[in-house]
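Undergrad: CSV, C-alpha atoms, file structure29.csv:
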```
chain,number,residue,atom,x,y,z
A,266,MET,CA,-44.4,75.4,-66.9
A,267,LYS,CA,-42.4,72.5,-68.5
A,268,THR,CA,-39.3,71.0,-67.1
A,269,VAL,CA,-36.2,70.6,-69.3
A,270,ALA,CA,-33.1,68.7,-68.1
A,271,LEU,CA,-29.6,69.7,-69.4
A,272,ILE,CA,-27.0,67.0,-69.0
A,273,ASP,CA,-23.3,67.7,-69.6
A,274,PRO,CA,-20.7,66.2,-67.2
A,275,TYR,CA,-17.9,68.0,-69.1
A,276,ARG,CA,-16.5,71.4,-68.0
A,277,SER,CA,-13.5,72.1,-70.3
A,278,GLY,CA,-13.5,74.0,-73.6
A,279,HIS,CA,-16.9,75.4,-74.7
A,280,HIS,CA,-18.9,73.1,-72.4
A,281,SER,CA,-19.1,75.7,-69.6
A,282,ASP,CA,-20.2,78.4,-72.0
A,283,TYR,CA,-22.9,76.3,-73.6
A,284,ILE,CA,-24.4,75.0,-70.4
A,285,LYS,CA,-24.7,78.5,-69.0
A,286,LEU,CA,-26.1,80.1,-72.1
A,287,TYR,CA,-28.5,77.2,-72.7
A,288,THR,CA,-29.7,77.4,-69.2
A,289,LYS,CA,-30.3,81.1,-69.5
A,290,SER,CA,-32.2,80.7,-72.7
A,291,LEU,CA,-34.5,78.0,-71.3
A,292,LEU,CA,-35.2,80.0,-68.1
A,293,SER,CA,-36.0,83.1,-70.2
A,294,LEU,CA,-38.6,81.1,-72.1
A,295,GLY,CA,-40.4,80.3,-68.8
A,296,HIS,CA,-39.2,76.7,-68.3
A,297,ARG,CA,-38.0,75.0,-65.2
A,298,VAL,CA,-34.4,73.8,-65.8
A,299,MET,CA,-32.6,70.9,-64.2
A,300,VAL,CA,-28.9,71.0,-64.9
A,301,PHE,CA,-26.5,68.1,-64.4
A,302,TYR,CA,-22.9,69.4,-64.4
A,303,PRO,CA,-19.6,68.6,-62.6
A,304,GLU,CA,-19.4,71.9,-60.7
A,305,PRO,CA,-22.9,72.9,-59.5
A,306,SER,CA,-21.5,75.6,-57.3
A,307,GLU,CA,-20.0,77.3,-60.3
A,308,LEU,CA,-23.4,77.4,-62.0
A,309,LYS,CA,-25.1,78.5,-58.8
A,310,SER,CA,-22.8,81.5,-58.5
A,311,TRP,CA,-23.3,82.3,-62.2
A,312,GLY,CA,-27.1,81.9,-62.0
A,313,GLU,CA,-27.4,84.3,-59.1
A,314,SER,CA,-25.7,87.0,-61.2
A,315,ASN,CA,-27.2,86.2,-64.6
A,316,CYS,CA,-30.6,84.6,-64.0
A,317,HIS,CA,-31.7,86.3,-60.7
A,318,ARG,CA,-35.3,86.6,-61.8
A,319,HIS,CA,-35.6,82.9,-62.6
A,320,ARG,CA,-33.3,81.4,-59.9
A,321,ASP,CA,-36.2,79.5,-58.2
A,322,ASN,CA,-36.7,77.6,-61.5
A,323,LEU,CA,-33.1,76.5,-61.7
A,324,HIS,CA,-32.2,73.1,-60.0
A,325,LEU,CA,-28.6,71.9,-60.0
A,326,PHE,CA,-27.2,68.4,-59.7
A,327,GLU,CA,-23.7,67.2,-59.6
A,328,ALA,CA,-22.7,64.8,-62.5
A,329,HIS,CA,-19.3,63.5,-63.6
A,330,GLU,CA,-18.2,61.7,-66.7
A,331,PRO,CA,-18.8,58.0,-66.4
A,332,GLU,CA,-15.9,55.5,-66.5
A,333,GLN,CA,-15.1,54.6,-70.1
A,334,TRP,CA,-14.4,51.3,-71.8
A,335,ASN,CA,-11.0,50.5,-73.1
A,336,VAL,CA,-11.1,47.7,-75.7
A,337,PRO,CA,-8.8,47.1,-78.7
A,338,LEU,CA,-11.5,47.5,-81.4
A,339,LEU,CA,-12.3,51.3,-81.6
A,340,ARG,CA,-15.8,50.8,-83.1
A,341,LEU,CA,-16.8,48.4,-80.4
A,342,GLN,CA,-15.3,50.7,-77.7
A,343,LYS,CA,-17.4,53.7,-79.0
A,344,ALA,CA,-20.5,51.5,-79.0
A,345,LEU,CA,-19.9,50.3,-75.4
A,346,ASN,CA,-19.1,53.8,-74.3
A,347,GLY,CA,-22.3,55.1,-76.0
A,348,ILE,CA,-24.4,52.6,-74.0
A,349,THR,CA,-22.5,53.6,-70.9
A,350,TRP,CA,-23.5,57.3,-71.4
A,351,TRP,CA,-27.2,56.4,-71.9
A,352,ARG,CA,-27.2,54.4,-68.7
A,353,PHE,CA,-25.4,57.2,-66.9
A,354,ALA,CA,-28.0,59.8,-68.0
A,355,ALA,CA,-30.9,57.5,-67.0
A,356,LYS,CA,-29.4,56.9,-63.6
A,357,ALA,CA,-28.7,60.6,-63.0
A,358,LEU,CA,-32.4,61.4,-63.8
A,359,ARG,CA,-33.7,58.6,-61.6
A,360,LYS,CA,-31.7,59.8,-58.7
A,361,ALA,CA,-32.8,63.4,-59.2
A,362,GLU,CA,-36.4,62.4,-59.4
A,363,ALA,CA,-36.2,60.4,-56.2
A,364,GLU,CA,-34.7,63.4,-54.4
A,365,THR,CA,-37.0,66.1,-55.8
A,366,GLY,CA,-40.1,64.3,-57.2
A,367,GLN,CA,-39.5,66.1,-60.5
A,368,ARG,CA,-39.4,64.2,-63.8
A,369,PRO,CA,-38.3,66.3,-66.9
A,370,ASP,CA,-40.7,66.7,-69.8
A,371,LEU,CA,-37.7,66.9,-72.2
A,372,VAL,CA,-34.0,66.0,-71.8
A,373,PHE,CA,-31.4,68.0,-73.8
A,374,PHE,CA,-27.8,66.9,-74.3
A,375,PRO,CA,-25.5,69.9,-75.1
A,376,TRP,CA,-22.9,67.3,-76.2
A,377,LEU,CA,-24.9,64.5,-77.9
A,378,ASP,CA,-21.8,63.0,-79.6
A,379,SER,CA,-20.7,60.9,-76.6
A,380,TYR,CA,-24.0,59.0,-76.7
A,381,LEU,CA,-23.7,57.9,-80.3
A,382,GLY,CA,-21.9,54.9,-81.9
A,383,ASN,CA,-22.2,51.9,-84.1
A,384,TYR,CA,-24.2,48.9,-83.1
A,385,GLN,CA,-26.8,50.9,-81.2
A,386,SER,CA,-30.3,49.7,-81.9
A,387,HIS,CA,-32.8,52.5,-81.4
A,388,HIS,CA,-35.1,50.0,-79.7
A,389,LEU,CA,-32.3,49.4,-77.1
A,390,ILE,CA,-32.0,53.2,-76.5
A,391,ASP,CA,-35.7,53.4,-75.9
A,392,THR,CA,-35.4,50.7,-73.3
A,393,ILE,CA,-32.4,52.1,-71.6
A,394,PHE,CA,-33.5,55.7,-71.7
A,395,PRO,CA,-37.3,56.1,-71.2
A,396,HIS,CA,-37.4,59.8,-71.7
A,397,ASP,CA,-38.2,62.2,-74.5
A,398,TRP,CA,-34.9,63.8,-75.5
A,399,SER,CA,-33.0,66.0,-78.0
A,400,GLY,CA,-29.4,67.2,-78.2
A,401,LEU,CA,-26.8,69.1,-80.0
A,402,TYR,CA,-24.9,66.9,-82.5
A,403,ILE,CA,-21.6,68.8,-82.7
A,404,HIS,CA,-19.4,66.6,-84.8
A,405,PRO,CA,-21.3,64.6,-87.4
A,406,ARG,CA,-18.0,64.2,-89.3
A,407,HIS,CA,-19.3,61.5,-91.7
A,408,LEU,CA,-21.9,64.0,-93.1
A,409,ARG,CA,-19.1,66.3,-94.2
A,410,ARG,CA,-16.5,63.7,-95.3
A,411,GLN,CA,-16.5,60.5,-97.3
A,412,MET,CA,-17.9,57.6,-95.2
A,413,ARG,CA,-16.3,54.2,-95.0
A,414,TYR,CA,-18.5,51.6,-96.6
A,415,SER,CA,-19.2,49.9,-93.3
A,416,ASN,CA,-20.6,53.2,-91.9
A,417,SER,CA,-22.9,53.8,-94.9
A,418,ARG,CA,-24.9,50.5,-94.9
A,419,GLY,CA,-27.5,51.6,-92.4
A,420,GLY,CA,-29.0,49.6,-89.6
A,421,LEU,CA,-26.7,48.8,-86.7
A,422,HIS,CA,-23.7,49.9,-88.7
A,423,ASP,CA,-25.1,53.4,-88.9
A,424,TYR,CA,-23.5,55.8,-86.4
A,425,ASP,CA,-26.7,57.8,-86.2
A,426,GLU,CA,-29.0,54.8,-85.5
A,427,ALA,CA,-29.8,56.1,-82.0
A,428,LEU,CA,-31.3,59.2,-83.5
A,429,ARG,CA,-34.2,57.0,-84.8
A,430,SER,CA,-35.2,56.4,-81.3
A,431,ARG,CA,-38.9,57.0,-80.5
A,432,GLY,CA,-37.7,59.2,-77.6
A,433,CYS,CA,-35.7,61.5,-79.9
A,434,ARG,CA,-37.9,64.4,-80.6
A,435,ALA,CA,-35.5,66.5,-82.7
A,436,VAL,CA,-31.8,66.9,-83.3
A,437,ALA,CA,-29.9,70.2,-83.1
A,438,VAL,CA,-26.7,70.9,-85.2
A,439,LEU,CA,-24.3,73.8,-85.5
A,440,ASP,CA,-23.3,73.2,-89.1
A,441,GLU,CA,-25.9,74.6,-91.4
A,442,GLY,CA,-24.2,72.8,-94.3
A,443,ILE,CA,-25.3,69.3,-93.1
A,444,ALA,CA,-28.8,70.0,-91.7
A,445,ALA,CA,-30.8,69.0,-94.8
A,446,THR,CA,-28.7,65.9,-95.3
A,447,LEU,CA,-29.3,64.7,-91.7
A,448,GLN,CA,-33.0,65.5,-91.9
A,449,ASP,CA,-33.3,63.4,-95.1
A,450,LYS,CA,-31.4,60.6,-93.5
A,451,LEU,CA,-33.7,60.6,-90.5
A,452,GLN,CA,-36.7,60.6,-92.8
A,453,GLY,CA,-37.9,64.0,-91.9
A,454,LYS,CA,-37.3,64.0,-88.1
A,455,GLN,CA,-36.8,67.7,-87.2
A,456,VAL,CA,-33.3,69.0,-87.4
A,457,ILE,CA,-32.8,72.5,-86.0
A,458,ILE,CA,-29.8,74.7,-86.7
A,459,PHE,CA,-28.4,76.2,-83.5
A,460,PRO,CA,-26.1,79.2,-83.4
A,461,ASP,CA,-22.5,78.7,-82.2
A,462,VAL,CA,-22.9,81.1,-79.3
A,463,ALA,CA,-20.0,82.4,-77.2
A,464,ASP,CA,-19.9,84.2,-73.9
A,465,ALA,CA,-19.6,88.0,-74.5
A,466,SER,CA,-18.5,89.0,-70.9
A,467,ASN,CA,-16.6,92.2,-70.7
A,468,PRO,CA,-12.8,91.6,-70.8
A,469,ALA,CA,-11.1,91.7,-67.4
A,470,HIS,CA,-8.5,94.4,-68.0
A,471,ASP,CA,-7.1,93.8,-64.6
A,472,PHE,CA,-6.2,90.1,-65.5
A,473,PRO,CA,-2.4,89.9,-64.6
A,474,LEU,CA,-1.7,87.5,-67.5
A,475,ARG,CA,-3.0,90.2,-69.9
A,476,HIS,CA,-0.5,92.7,-68.7
A,477,GLU,CA,2.3,90.2,-68.8
A,478,ILE,CA,1.6,89.3,-72.4
A,479,ILE,CA,1.3,93.0,-73.5
A,480,ALA,CA,4.7,93.7,-71.9
A,481,LYS,CA,6.3,90.7,-73.6
A,482,ALA,CA,4.8,91.4,-77.0
A,483,ALA,CA,6.2,95.0,-76.8
A,484,GLY,CA,4.0,96.4,-79.6
A,485,ARG,CA,4.3,93.4,-81.9
A,486,LYS,CA,1.2,91.9,-83.6
A,487,ILE,CA,-0.2,89.1,-81.5
A,488,ILE,CA,-1.4,85.8,-83.2
A,489,THR,CA,-3.3,83.7,-80.6
A,490,LEU,CA,-4.2,80.0,-80.3
A,491,MET,CA,-6.5,79.6,-77.2
A,492,GLY,CA,-8.7,77.0,-75.6
A,493,GLY,CA,-7.9,73.3,-75.2
A,494,LEU,CA,-4.5,72.9,-76.8
A,495,ALA,CA,-4.8,69.5,-78.4
A,496,LYS,CA,-2.9,68.4,-81.4
A,497,ARG,CA,-5.9,68.7,-83.6
A,498,LYS,CA,-6.0,72.4,-82.9
A,499,GLY,CA,-3.0,72.9,-85.2
A,500,ILE,CA,-0.5,73.9,-82.5
A,501,LEU,CA,2.4,72.1,-84.2
A,502,THR,CA,1.9,74.1,-87.4
A,503,LEU,CA,1.6,77.4,-85.5
A,504,LEU,CA,4.7,76.6,-83.5
A,505,GLU,CA,6.6,76.0,-86.8
A,506,ALA,CA,5.2,79.2,-88.2
A,507,ALA,CA,6.4,81.1,-85.1
A,508,GLY,CA,9.9,79.7,-85.6
A,509,LYS,CA,9.9,81.0,-89.2
A,510,ALA,CA,8.1,84.3,-88.8
A,511,ASP,CA,9.9,87.7,-88.4
A,512,ALA,CA,10.3,87.9,-84.6
A,513,ARG,CA,10.6,91.7,-84.8
A,514,ASN,CA,6.9,92.2,-85.6
A,515,ARG,CA,5.1,89.0,-84.9
A,516,PHE,CA,4.3,87.5,-81.5
A,517,PHE,CA,2.6,84.2,-80.9
A,518,LEU,CA,0.4,83.4,-77.8
A,519,PHE,CA,-0.5,79.8,-76.8
A,520,ALA,CA,-3.0,79.9,-74.0
A,521,GLY,CA,-5.0,76.9,-72.6
A,522,LEU,CA,-4.6,73.5,-71.1
A,523,LEU,CA,-2.2,71.3,-73.1
A,524,ALA,CA,-3.9,68.0,-74.0
A,525,GLU,CA,-0.7,66.0,-73.6
A,526,SER,CA,-2.3,62.6,-74.5
A,527,SER,CA,-3.1,63.9,-78.0
A,528,PHE,CA,0.6,64.1,-78.9
A,529,THR,CA,3.2,61.5,-79.6
A,530,PRO,CA,6.0,61.3,-77.0
A,531,ARG,CA,8.4,63.0,-79.5
A,532,GLU,CA,5.9,65.8,-80.2
A,533,LEU,CA,5.2,66.4,-76.6
A,534,GLU,CA,8.9,66.5,-75.7
A,535,SER,CA,9.5,69.1,-78.5
A,536,ILE,CA,6.6,71.3,-77.2
A,537,ARG,CA,7.9,71.1,-73.6
A,538,LYS,CA,11.4,72.0,-74.7
A,539,ILE,CA,10.2,75.1,-76.6
A,540,ALA,CA,7.8,76.2,-73.8
A,541,SER,CA,10.5,75.7,-71.1
A,542,ASN,CA,12.8,78.1,-72.8
A,543,PRO,CA,10.5,80.1,-75.1
A,544,PRO,CA,11.8,82.2,-78.0
A,545,ASP,CA,11.4,85.9,-77.7
A,546,ASN,CA,8.3,85.9,-80.0
A,547,CYS,CA,6.4,83.2,-78.1
A,548,PHE,CA,4.4,83.1,-74.9
A,549,PHE,CA,3.0,79.9,-73.4
A,550,HIS,CA,0.3,79.6,-70.7
A,551,PHE,CA,-0.6,75.9,-70.4
A,552,ASN,CA,-3.3,76.3,-67.8
A,553,PHE,CA,-7.1,76.2,-68.1
A,554,ILE,CA,-8.5,79.8,-68.2
A,555,THR,CA,-11.5,79.5,-65.8
A,556,LYS,CA,-13.2,82.9,-66.3
A,557,GLU,CA,-14.7,84.0,-69.5
A,558,ALA,CA,-13.8,87.6,-68.7
A,559,HIS,CA,-10.2,86.5,-68.6
A,560,PHE,CA,-10.5,84.5,-71.8
A,561,ASN,CA,-12.1,87.5,-73.5
A,562,ALA,CA,-9.3,89.8,-72.2
A,563,LEU,CA,-6.8,87.7,-74.2
A,564,VAL,CA,-9.1,87.7,-77.3
A,565,GLU,CA,-9.3,91.4,-77.1
A,566,LEU,CA,-5.5,92.0,-77.0
A,567,SER,CA,-5.0,89.7,-80.0
A,568,ASP,CA,-4.6,90.9,-83.6
A,569,ILE,CA,-5.4,87.5,-85.2
A,570,LEU,CA,-7.1,84.4,-83.8
A,571,TYR,CA,-5.8,81.0,-85.0
A,572,ALA,CA,-8.1,78.2,-85.7
A,573,GLY,CA,-6.2,76.2,-88.4
A,574,TYR,CA,-7.5,72.9,-87.0
A,575,GLU,CA,-6.4,69.5,-88.4
A,576,GLU,CA,-9.0,67.8,-90.6
A,577,PHE,CA,-11.8,69.6,-88.8
A,578,PRO,CA,-15.0,69.9,-90.8
A,579,HIS,CA,-17.2,71.4,-88.1
A,580,SER,CA,-18.1,74.7,-86.5
A,581,SER,CA,-16.0,76.4,-83.8
A,582,ASN,CA,-17.2,79.3,-81.6
A,583,ILE,CA,-13.8,80.9,-81.9
A,584,LEU,CA,-15.4,82.5,-85.0
A,585,THR,CA,-18.0,84.0,-82.8
A,586,LYS,CA,-15.4,85.2,-80.4
A,587,GLY,CA,-13.6,86.9,-83.3
A,588,ALA,CA,-16.9,88.5,-84.5
A,589,LEU,CA,-17.6,89.7,-80.9
A,590,PHE,CA,-14.3,91.5,-80.6
A,591,LYS,CA,-13.7,92.2,-84.3
A,592,LYS,CA,-10.7,90.0,-84.7
A,593,PRO,CA,-9.8,88.2,-88.0
A,594,VAL,CA,-9.5,84.4,-87.8
A,595,ILE,CA,-7.3,81.9,-89.7
A,596,VAL,CA,-9.0,78.6,-90.3
A,597,SER,CA,-8.3,75.4,-92.3
A,598,ARG,CA,-9.4,75.0,-95.8
A,599,GLY,CA,-12.5,73.1,-96.6
A,600,TYR,CA,-15.8,72.6,-94.8
A,601,CYS,CA,-17.9,74.7,-92.5
A,602,MET,CA,-15.4,77.2,-91.1
A,603,GLU,CA,-13.9,78.2,-94.4
A,604,GLU,CA,-17.4,78.6,-95.9
A,605,ARG,CA,-18.3,81.0,-93.1
A,606,VAL,CA,-15.0,82.9,-93.3
A,607,LYS,CA,-15.6,83.4,-97.0
A,608,ALA,CA,-19.2,84.4,-96.7
A,609,PHE,CA,-18.5,87.0,-94.0
A,610,SER,CA,-14.9,88.0,-94.9
A,611,LEU,CA,-13.8,87.0,-91.4
A,612,GLY,CA,-10.2,86.2,-92.3
A,613,GLU,CA,-8.1,83.7,-94.2
A,614,SER,CA,-8.1,79.9,-94.8
A,615,ILE,CA,-4.9,77.8,-95.1
A,616,ARG,CA,-3.6,74.3,-95.5
A,617,TYR,CA,-3.6,73.1,-91.9
A,618,ASP,CA,-0.2,71.4,-92.1
A,619,ASP,CA,1.6,74.2,-94.0
A,620,ALA,CA,3.5,76.7,-91.8
A,621,SER,CA,4.6,78.8,-94.7
A,622,HIS,CA,1.1,79.1,-95.9
A,623,CYS,CA,0.2,80.2,-92.4
A,624,ILE,CA,2.8,82.9,-92.4
A,625,GLU,CA,1.5,84.1,-95.8
A,626,ALA,CA,-2.0,84.3,-94.4
A,627,ILE,CA,-0.8,86.3,-91.4
A,628,THR,CA,1.0,88.7,-93.7
A,629,ARG,CA,-2.1,89.2,-95.8
A,630,LEU,CA,-4.3,89.9,-92.8
A,631,LEU,CA,-1.9,92.4,-91.2
A,632,GLU,CA,-0.4,94.1,-94.3
A,633,GLU,CA,-2.8,93.9,-97.2
A,634,GLU,CA,-6.1,95.6,-97.9
A,635,LYS,CA,-9.0,93.2,-97.4
A,636,PRO,CA,-12.8,93.4,-97.9
A,637,ALA,CA,-14.6,94.8,-94.9
A,638,ALA,CA,-15.4,91.9,-92.5
A,639,ASP,CA,-19.1,91.5,-91.7
A,640,PHE,CA,-18.5,90.9,-88.0
A,641,ALA,CA,-21.9,92.3,-87.0
A,642,GLY,CA,-23.7,90.0,-89.4
A,643,TYR,CA,-21.9,86.9,-88.1
A,644,LYS,CA,-22.3,88.0,-84.5
A,645,ASN,CA,-26.1,88.4,-85.0
A,646,LEU,CA,-26.4,85.0,-86.6
A,647,HIS,CA,-24.7,83.4,-83.6
A,648,SER,CA,-26.2,85.4,-80.8
A,649,GLU,CA,-27.9,84.6,-77.6
A,650,GLU,CA,-31.1,85.9,-79.2
A,651,ARG,CA,-30.8,83.4,-82.0
A,652,LEU,CA,-30.2,80.6,-79.4
A,653,ARG,CA,-33.4,81.6,-77.6
A,654,HIS,CA,-35.3,81.4,-80.9
A,655,ALA,CA,-33.8,78.0,-81.6
A,656,PHE,CA,-34.9,76.6,-78.2
A,657,GLN,CA,-38.3,78.3,-78.7
A,658,ASP,CA,-38.6,76.4,-82.0
A,659,LEU,CA,-37.6,73.1,-80.4
A,660,CYS,CA,-39.6,73.4,-77.2
A,661,GLY,CA,-42.6,75.1,-78.9
A,662,ARG,CA,-43.1,72.4,-81.4
A,663,TYR,CA,-42.5,69.6,-79.0
A,664,PHE,CA,-44.7,70.9,-76.1
A,665,ARG,CA,-47.6,71.5,-78.5
A,666,GLN,CA,-47.7,67.8,-79.4
```
For the file at hand, write its structure as structure tokens.
TA:
Amino acid sequence: MKTVALIDPYRSGHHSDYIKLYTKSLLSLGHRVMVFYPEPSELKSWGESNCHRHRDNLHLFEAHEPEQWNVPLLRLQKALNGITWWRFAAKALRKAEAETGQRPDLVFFPWLDSYLGNYQSHHLIDTIFPHDWSGLYIHPRHLRRQMRYSNSRGGLHDYDEALRSRGCRAVAVLDEGIAATLQDKLQGKQVIIFPDVADASNPAHDFPLRHEIIAKAAGRKIITLMGGLAKRKGILTLLEAAGKADARNRFFLFAGLLAESSFTPRELESIRKIASNPPDNCFFHFNFITKEAHFNALVELSDILYAGYEEFPHSSNILTKGALFKKPVIVSRGYCMEERVKAFSLGESIRYDDASHCIEAITRLLEEEKPAADFAGYKNLHSEERLRHAFQDLCGRYFRQ
């Protein structure tokens, strides 16, 4: 039996989903799993219900996001924060080893992005973090978009320099469109495509919020934006579209924690004003939805899921949620999500900053004949079974070395 450590001190958004599903996959492969997470009690309760057979191989530790640097130069701030994250992870593992006598054979970071930055020598990373490791690189934006010259010169200017660390055994990515590019850049170091999995818990039909929304919608088609409601999620465009749409047959749901710091003061004031006295065709629930069964209940009642994110070239598991519950999705033009929507006929793509274009996409999805969506094909490609195979590939190759 090998020991794999999962370290993710975030809980919001998809983090809770990923840490649970990754833990379940690794336990099913016969590994001992050490999980570092802000709410161990949440995972303990979940593990007793979902991993009962393997509960003796699950070891939980409390871990919280380290304090971040705040300096004027953004690139330097990211570099310093990256080093802070490596030190934090090393300290958490030392403490756990002192308490339990267990040292992981492999460390996996479900959110590797926080650890990366410019000016990080891979030799320095090997010194700070003396473990074999891998992780999920979720937002390698520069591999999808044109890089600044300073980011393309290599060496310490290279954002991915830490991935050349001797301890880095492989890198996982969600975006199949950049895997080969990253593997070439890392001179053949293994890059594994992970599925963008999502929790498929049965919807909680007794969720009070669900009943309230259905009553307010009164038979109108529901267009939903859910999750962490940051500016980059396209909330401003969807609000504008809601104001222009026919309120007699369109209803707009905004559900999730509002990331207030992502908006300008004027934008935030405008959102608060609308939400405090919402129009008849809008519903606002600016609170974190803690249970996946509740989240899925809102997905299920929706007619369209909105993912028209601003300048977002990456994967989002809202597509997986849509496939699980057979709901079409609106995404932004360009990059990974549009490629998938076209390949599987999952919905429509729009200009992310164009409310009129958004309304046209809604109309096409609700009123026009469309090619049959391959929800089953997409769901299978991003399933828990695929995740298990991805971890089997990662761990199998590494542990045979």
Undergrad: Rounded to one decimal, what separation in Å do you get between CA of Trp398 in chain A and CA of Glu307 in chain A?
TA: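 Distance reported for this atom pair: 25.2 Å.
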Undergrad: Return as a Markdown table the residues of range 431-548 of chain A lying at most 10 Å from range 276-297 of chain A, together with the closest atom-to-atom pair for each and the distance in Å to one decimal, counting only C-alpha atoms, with rows in chain order and ascending residue number.
TA:
```
| residue | atom | partner | partner_atom | distance |
| --- | --- | --- | --- | --- |
| A:Asp461 | CA | A:Tyr283 | CA | 8.9 |
| A:Val462 | CA | A:Tyr283 | CA | 7.5 |
| A:Ala463 | CA | A:Asp282 | CA | 6.6 |
| A:Asp464 | CA | A:Asp282 | CA | 6.1 |
| A:Ala465 | CA | A:Asp282 | CA | 9.9 |
| A:Met491 | CA | A:Gly278 | CA | 9.7 |
| A:Gly492 | CA | A:Gly278 | CA | 6.0 |
| A:Gly493 | CA | A:Gly278 | CA | 5.9 |
| A:Leu494 | CA | A:Gly278 | CA | 9.6 |
| A:Gly521 | CA | A:Gly278 | CA | 9.0 |
| A:Leu522 | CA | A:Ser277 | CA | 9.0 |
```
Undergrad: Give me, as a list in words, all polymer residues having an atom no more than 9 Å from range 507-519 of chain A, counting all atoms listed in the file and skipping those fewer than 6 positions away in the same chain.
TA: Ile478, Lys481, Ala482, Gly484, Arg485, Lys486, Ile487, Ile488, Thr489, Leu490, Met491, Gly492, Leu494, Ile500, Pro544, Asp545, Asn546, Cys547, Phe548, Phe549, His550, Phe551, Ser567, Ala620, Ser621 and Ile624 of chain A
Undergrad: Of the candidates A:Ala469, A:Leu451, A:Ala357, A:Ala427, which one gets nearest to Leu389 in chain A if we count only C-alpha atoms?
TA: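 Nearest to Leu389 in chain A: A:Ala427.
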Undergrad: Given the choices A:Val298, A:Leu503, A:Leu338, A:Leu345, which gets closest to Asp619 in chain A if the distance is worked out from only C-alpha atoms?
TA: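 With only C-alpha atoms as the atom set, the closest residue is A:Leu503.
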Undergrad: What does the distance from CA of Asp321 in chain A to CA of Arg434 in chain A come to in Å, to one decimal?
TA: 27.1 Å
Undergrad: Can you tell me, as a VMD selection string, what residues are no more than 9 Å from Asp273 in chain A when counting only C-alpha atoms, ignoring any on the same chain fewer than 5 positions away?
TA: chain A and resid 280 284 300 to 303 328 to 330 374 to 376
Undergrad: Compare A:Leu570, A:Leu523, A:Ala638, A:Leu428 by their minimum atom-to-atom distance to His388 in chain A, counting all atoms listed in the file, and give me the closest one.
TA: A:Leu428
